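This is final_23.pdb (PDB, C-alpha atoms (C1' of nucleotides)).
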```pdb
MODEL        1
ATOM      1  CA  MET A   1       0.000   0.000   0.000
ATOM      2  CA  SER A   2       1.009   3.619   0.052
ATOM      3  CA  ALA A   3       3.801   4.714   2.335
ATOM      4  CA  LYS A   4       2.127   8.062   2.832
ATOM      5  CA  VAL A   5      -0.048   8.462   5.876
ATOM      6  CA  LEU A   6      -0.052  12.234   6.015
ATOM      7  CA  SER A   7      -1.825  14.998   4.172
ATOM      8  CA  GLU A   8      -2.226  13.415   0.746
ATOM      9  CA  ASP A   9      -3.849  10.291   2.109
ATOM     10  CA  LEU A  10      -5.870  12.289   4.573
ATOM     11  CA  ILE A  11      -7.012  14.657   1.849
ATOM     12  CA  TYR A  12      -7.838  11.795  -0.482
ATOM     13  CA  GLU A  13      -9.941  10.042   2.132
ATOM     14  CA  VAL A  14     -11.711  13.188   3.270
ATOM     15  CA  LEU A  15     -12.529  14.326  -0.252
ATOM     16  CA  SER A  16     -13.617  10.816  -1.165
ATOM     17  CA  VAL A  17     -16.180  10.875   1.627
ATOM     18  CA  VAL A  18     -17.220  14.471   0.964
ATOM     19  CA  SER A  19     -17.850  13.650  -2.681
ATOM     20  CA  GLU A  20     -20.251  10.931  -1.569
ATOM     21  CA  ILE A  21     -22.489  13.287   0.360
ATOM     22  CA  PRO A  22     -25.808  13.278  -1.522
ATOM     23  CA  ILE A  23     -27.426  16.500  -2.648
ATOM     24  CA  GLY A  24     -29.874  17.822  -0.099
ATOM     25  CA  ASN A  25     -27.846  16.412   2.780
ATOM     26  CA  VAL A  26     -25.076  17.765   4.988
ATOM     27  CA  ALA A  27     -22.418  16.036   7.058
ATOM     28  CA  THR A  28     -20.487  17.074  10.151
ATOM     29  CA  TYR A  29     -16.716  17.113  10.542
ATOM     30  CA  GLY A  30     -16.942  14.471  13.248
ATOM     31  CA  GLN A  31     -19.001  12.280  10.973
ATOM     32  CA  ILE A  32     -16.434  12.480   8.209
ATOM     33  CA  ALA A  33     -13.648  11.975  10.713
ATOM     34  CA  GLN A  34     -15.185   8.662  11.656
ATOM     35  CA  LEU A  35     -15.704   7.645   8.036
ATOM     36  CA  ILE A  36     -11.992   8.065   7.363
ATOM     37  CA  ASN A  37     -11.185   5.996  10.419
ATOM     38  CA  ARG A  38     -10.030   8.996  12.457
ATOM     39  CA  PRO A  39     -12.762   9.742  15.033
ATOM     40  CA  LYS A  40     -10.557  12.316  16.781
ATOM     41  CA  ASN A  41      -9.450  14.187  13.696
ATOM     42  CA  ALA A  42     -12.524  16.328  13.131
ATOM     43  CA  ARG A  43     -10.274  19.412  13.184
ATOM     44  CA  LEU A  44      -8.036  17.897  10.571
ATOM     45  CA  VAL A  45     -11.031  17.442   8.309
ATOM     46  CA  GLY A  46     -11.711  21.162   8.527
ATOM     47  CA  LYS A  47      -8.093  21.988   7.833
ATOM     48  CA  VAL A  48      -8.057  19.672   4.854
ATOM     49  CA  LEU A  49     -11.267  21.150   3.481
ATOM     50  CA  SER A  50      -9.735  24.607   3.774
ATOM     51  CA  GLN A  51      -7.264  23.425   1.146
ATOM     52  CA  ALA A  52      -9.601  21.013  -0.613
ATOM     53  CA  ASP A  53     -10.345  23.535  -3.341
ATOM     54  CA  LEU A  54      -6.644  23.424  -4.188
ATOM     55  CA  TYR A  55      -6.792  19.683  -4.761
ATOM     56  CA  GLY A  56     -10.044  19.660  -6.713
ATOM     57  CA  GLU A  57     -13.626  20.784  -6.621
ATOM     58  CA  TYR A  58     -15.589  19.081  -3.905
ATOM     59  CA  PRO A  59     -18.898  19.911  -2.177
ATOM     60  CA  CYS A  60     -17.074  21.136   0.922
ATOM     61  CA  HIS A  61     -20.060  23.415   1.528
ATOM     62  CA  ARG A  62     -22.043  20.327   2.531
ATOM     63  CA  VAL A  63     -19.781  19.925   5.514
ATOM     64  CA  VAL A  64     -20.737  21.792   8.679
ATOM     65  CA  ASN A  65     -19.916  21.500  12.356
ATOM     66  CA  ALA A  66     -21.921  19.536  14.936
ATOM     67  CA  ALA A  67     -24.175  22.540  15.564
ATOM     68  CA  GLY A  68     -24.995  22.909  11.885
ATOM     69  CA  ARG A  69     -23.075  26.160  11.748
ATOM     70  CA  LEU A  70     -21.270  27.199   8.599
ATOM     71  CA  ALA A  71     -17.554  27.719   8.281
ATOM     72  CA  PRO A  72     -16.495  31.211   9.464
ATOM     73  CA  HIS A  73     -14.150  31.569   6.490
ATOM     74  CA  PHE A  74     -16.529  30.296   3.858
ATOM     75  CA  VAL A  75     -19.176  32.978   3.275
ATOM     76  CA  GLN A  76     -20.266  31.481  -0.053
ATOM     77  CA  GLN A  77     -21.287  28.280   1.692
ATOM     78  CA  LYS A  78     -24.767  29.624   2.463
ATOM     79  CA  SER A  79     -25.523  30.397  -1.173
ATOM     80  CA  LEU A  80     -24.247  27.016  -2.297
ATOM     81  CA  LEU A  81     -26.393  25.164   0.211
ATOM     82  CA  LEU A  82     -29.470  27.194  -0.658
ATOM     83  CA  ASP A  83     -28.872  26.284  -4.287
ATOM     84  CA  GLU A  84     -29.078  22.611  -3.345
ATOM     85  CA  GLY A  85     -32.277  22.978  -1.372
ATOM     86  CA  ILE A  86     -30.796  22.980   2.137
ATOM     87  CA  ALA A  87     -33.035  24.716   4.667
ATOM     88  CA  PHE A  88     -31.533  27.371   6.939
ATOM     89  CA  LYS A  89     -32.525  28.107  10.507
ATOM     90  CA  ASP A  90     -30.445  31.272  10.669
ATOM     91  CA  ALA A  91     -27.949  33.171   8.570
ATOM     92  CA  CYS A  92     -25.224  30.836   9.759
ATOM     93  CA  HIS A  93     -27.101  27.684  10.729
ATOM     94  CA  VAL A  94     -28.472  24.978   8.490
ATOM     95  CA  ASP A  95     -31.373  22.744   9.467
ATOM     96  CA  ILE A  96     -29.060  19.881  10.250
ATOM     97  CA  LYS A  97     -31.817  18.007  12.058
ATOM     98  CA  GLN A  98     -33.592  17.736   8.745
ATOM     99  CA  HIS A  99     -30.678  17.386   6.367
ATOM    100  CA  LYS A 100     -28.041  15.529   8.366
ATOM    101  CA  TRP A 101     -26.458  12.827   6.263
ATOM    102  CA  THR A 102     -27.177   9.332   7.536
ATOM    103  CA  ILE A 103     -24.419   6.825   6.913
TER     104      ILE A 103
ATOM    105  C1'  DG B   1      11.743  19.746  18.779
ATOM    106  C1'  DG B   2       8.554  22.707  21.796
ATOM    107  C1'  DA B   3       4.760  26.099  21.332
ATOM    108  C1'  DT B   4       0.907  27.742  18.705
ATOM    109  C1'  DT B   5      -3.066  27.318  15.876
ATOM    110  C1'  DG B   6      -7.302  25.506  13.700
ATOM    111  C1'  DA B   7     -13.589  25.144   8.630
ATOM    112  C1'  DC B   8     -14.070  20.405  15.728
ATOM    113  C1'  DT B   9     -16.570  17.753  19.623
ATOM    114  C1'  DT B  10     -18.296  16.918  24.023
ATOM    115  C1'  DA B  11     -19.328  18.148  28.745
ATOM    116  C1'  DC B  12     -20.705  21.411  32.270
ATOM    117  C1'  DG B  13     -23.020  25.593  34.250
TER     118       DG B  13
ATOM    119  C1'  DG C   1     -28.859  28.343  23.415
ATOM    120  C1'  DC C   2     -24.260  30.228  24.700
ATOM    121  C1'  DG C   3     -19.550  30.650  27.055
ATOM    122  C1'  DT C   4     -15.866  28.224  29.071
ATOM    123  C1'  DA C   5     -12.851  24.224  29.625
ATOM    124  C1'  DA C   6     -10.653  20.076  28.235
ATOM    125  C1'  DG C   7      -9.392  16.691  24.692
ATOM    126  C1'  DC C   8      -7.242  15.174  20.230
ATOM    127  C1'  DC C   9      -4.239  15.501  16.155
ATOM    128  C1'  DA C  10      -1.550  17.360  12.215
ATOM    129  C1'  DA C  11       0.502  21.396  10.143
ATOM    130  C1'  DT C  12       3.169  25.509  10.899
ATOM    131  C1'  DC C  13       6.411  28.760  13.237
TER     132       DC C  13
ENDMDL
END
```
Kindly transcribe the structure held in the file into C-alpha cells.
Amino acid sequence: MSAKVLSEDLIYEVLSVVSEIPIGNVATYGQIAQLINRPKNARLVGKVLSQADLYGEYPCHRVVNAAGRLAPHFVQQKSLLLDEGIAFKDACHVDIKQHKWTI
DNA sequence: GGATTGACTTACG
DNA sequence: GCGTAAGCCAATC
C-alpha cells in the first residue's frame, strides 16, 4: 500500500467521503472523521477542506460542524447550500436536524 | 523539537 | 442556546 499516511492520504480520504455526500444532505466534521477511520481528527477534516479547493472541486459546503453552523471563512457556503435545497434556521445555521447525512 | 493554531466535539453551568 | 474548559491531532512557526 502507500507509504504516505499524512496529508495526501488524509485529503484523499476526506474528499472521497465528501464527494459521496448526496445533494440535499449535509455532514459534520466528526461524521467524516469517523468515516476516514479517524474519530478524533474532526479538526483535521476542517483543515483539509480549507485546502480542498486546491486539490479539486468538492462539495465542501455540505460539511458543517456539529451545531450545523457554517464555516467562518466560507461565506459562499450559504448560497451554495441554498442552491441545493438545504433549509436554513439562521444566517449561519443549516437545518441539520432535517438534512443531516445518515451513513 | 517545543509552542501555537485551527472550517471540531463533548461536557458542564 | 451560549460561554468556558478540556481533549485530540496534524501542520506551521
(request) Excluding range 4-21 of chain A and any residue of its chain fewer than 3 positions from it, enumerate the residues within 8 Å of it, using only C-alpha atoms (C1' of nucleotides), and give them as a PyMOL selection string. (result) chain A and resi 25-27+32-33+35-36+45+48-49+52+58-60+62-63+101
What are the residues of chain A that have an atom within 7 Å of an atom of chain B, counting all atoms listed in the file, as an mmCIF file with C-alpha atoms, in the frame of the given file?
```
data_model
loop_
_atom_site.group_PDB
_atom_site.id
_atom_site.type_symbol
_atom_site.label_atom_id
_atom_site.label_comp_id
_atom_site.auth_asym_id
_atom_site.auth_seq_id
_atom_site.Cartn_x
_atom_site.Cartn_y
_atom_site.Cartn_z
ATOM 1 C CA TYR A 29 -16.716 17.113 10.542
ATOM 2 C CA ALA A 42 -12.524 16.328 13.131
ATOM 3 C CA ARG A 43 -10.274 19.412 13.184
ATOM 4 C CA GLY A 46 -11.711 21.162 8.527
ATOM 5 C CA LYS A 47 -8.093 21.988 7.833
ATOM 6 C CA LEU A 49 -11.267 21.150 3.481
ATOM 7 C CA SER A 50 -9.735 24.607 3.774
ATOM 8 C CA ASN A 65 -19.916 21.500 12.356
ATOM 9 C CA ALA A 71 -17.554 27.719 8.281
ATOM 10 C CA PRO A 72 -16.495 31.211 9.464
ATOM 11 C CA HIS A 73 -14.150 31.569 6.490
#
```
Could you please select, counting all atoms listed in the file, the residues of chain C within 12 Å of chain A and state them as a PDB file with C-alpha atoms (C1' of nucleotides), in the coordinates of the input?
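File produced: result_38.pdb:
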```pdb
ATOM      1  C1'  DG C   1     -28.859  28.343  23.415  1.00  0.00           C
ATOM      2  C1'  DC C   2     -24.260  30.228  24.700  1.00  0.00           C
ATOM      3  C1'  DG C   7      -9.392  16.691  24.692  1.00  0.00           C
ATOM      4  C1'  DC C   8      -7.242  15.174  20.230  1.00  0.00           C
ATOM      5  C1'  DC C   9      -4.239  15.501  16.155  1.00  0.00           C
ATOM      6  C1'  DA C  10      -1.550  17.360  12.215  1.00  0.00           C
ATOM      7  C1'  DA C  11       0.502  21.396  10.143  1.00  0.00           C
TER       8       DA C  11
END
```
(request) For CA of Gln77 in chain A and CA of Thr102 in chain A, determine how far apart the two atoms are, in Å to one decimal place. (result)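 So the answer is 20.7 Å.
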(request) Give as a list in words the residues that the PyMOL selection byres ((chain A and resi 89-92) around 10) matches when applied to the coordinates above. (result)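 Selected by the PyMOL selection byres ((chain A and resi 89-92) around 10) in this file: Gly68, Arg69, Leu70, Ala71, Pro72, Val75, Gln77, Lys78, Ile86, Ala87, Phe88, His93, Val94, Asp95 and Ile96 of chain A.
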(message) So the first atom is C1' of DG3 in chain C and the second is CA of His61 in chain A; what is the distance between them in Å, to one decimal place?
(response) 26.5 Å
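The spacing separating C1' of DT12 in chain C from CA of Asp53 in chain A amounts to 19.7 Å.
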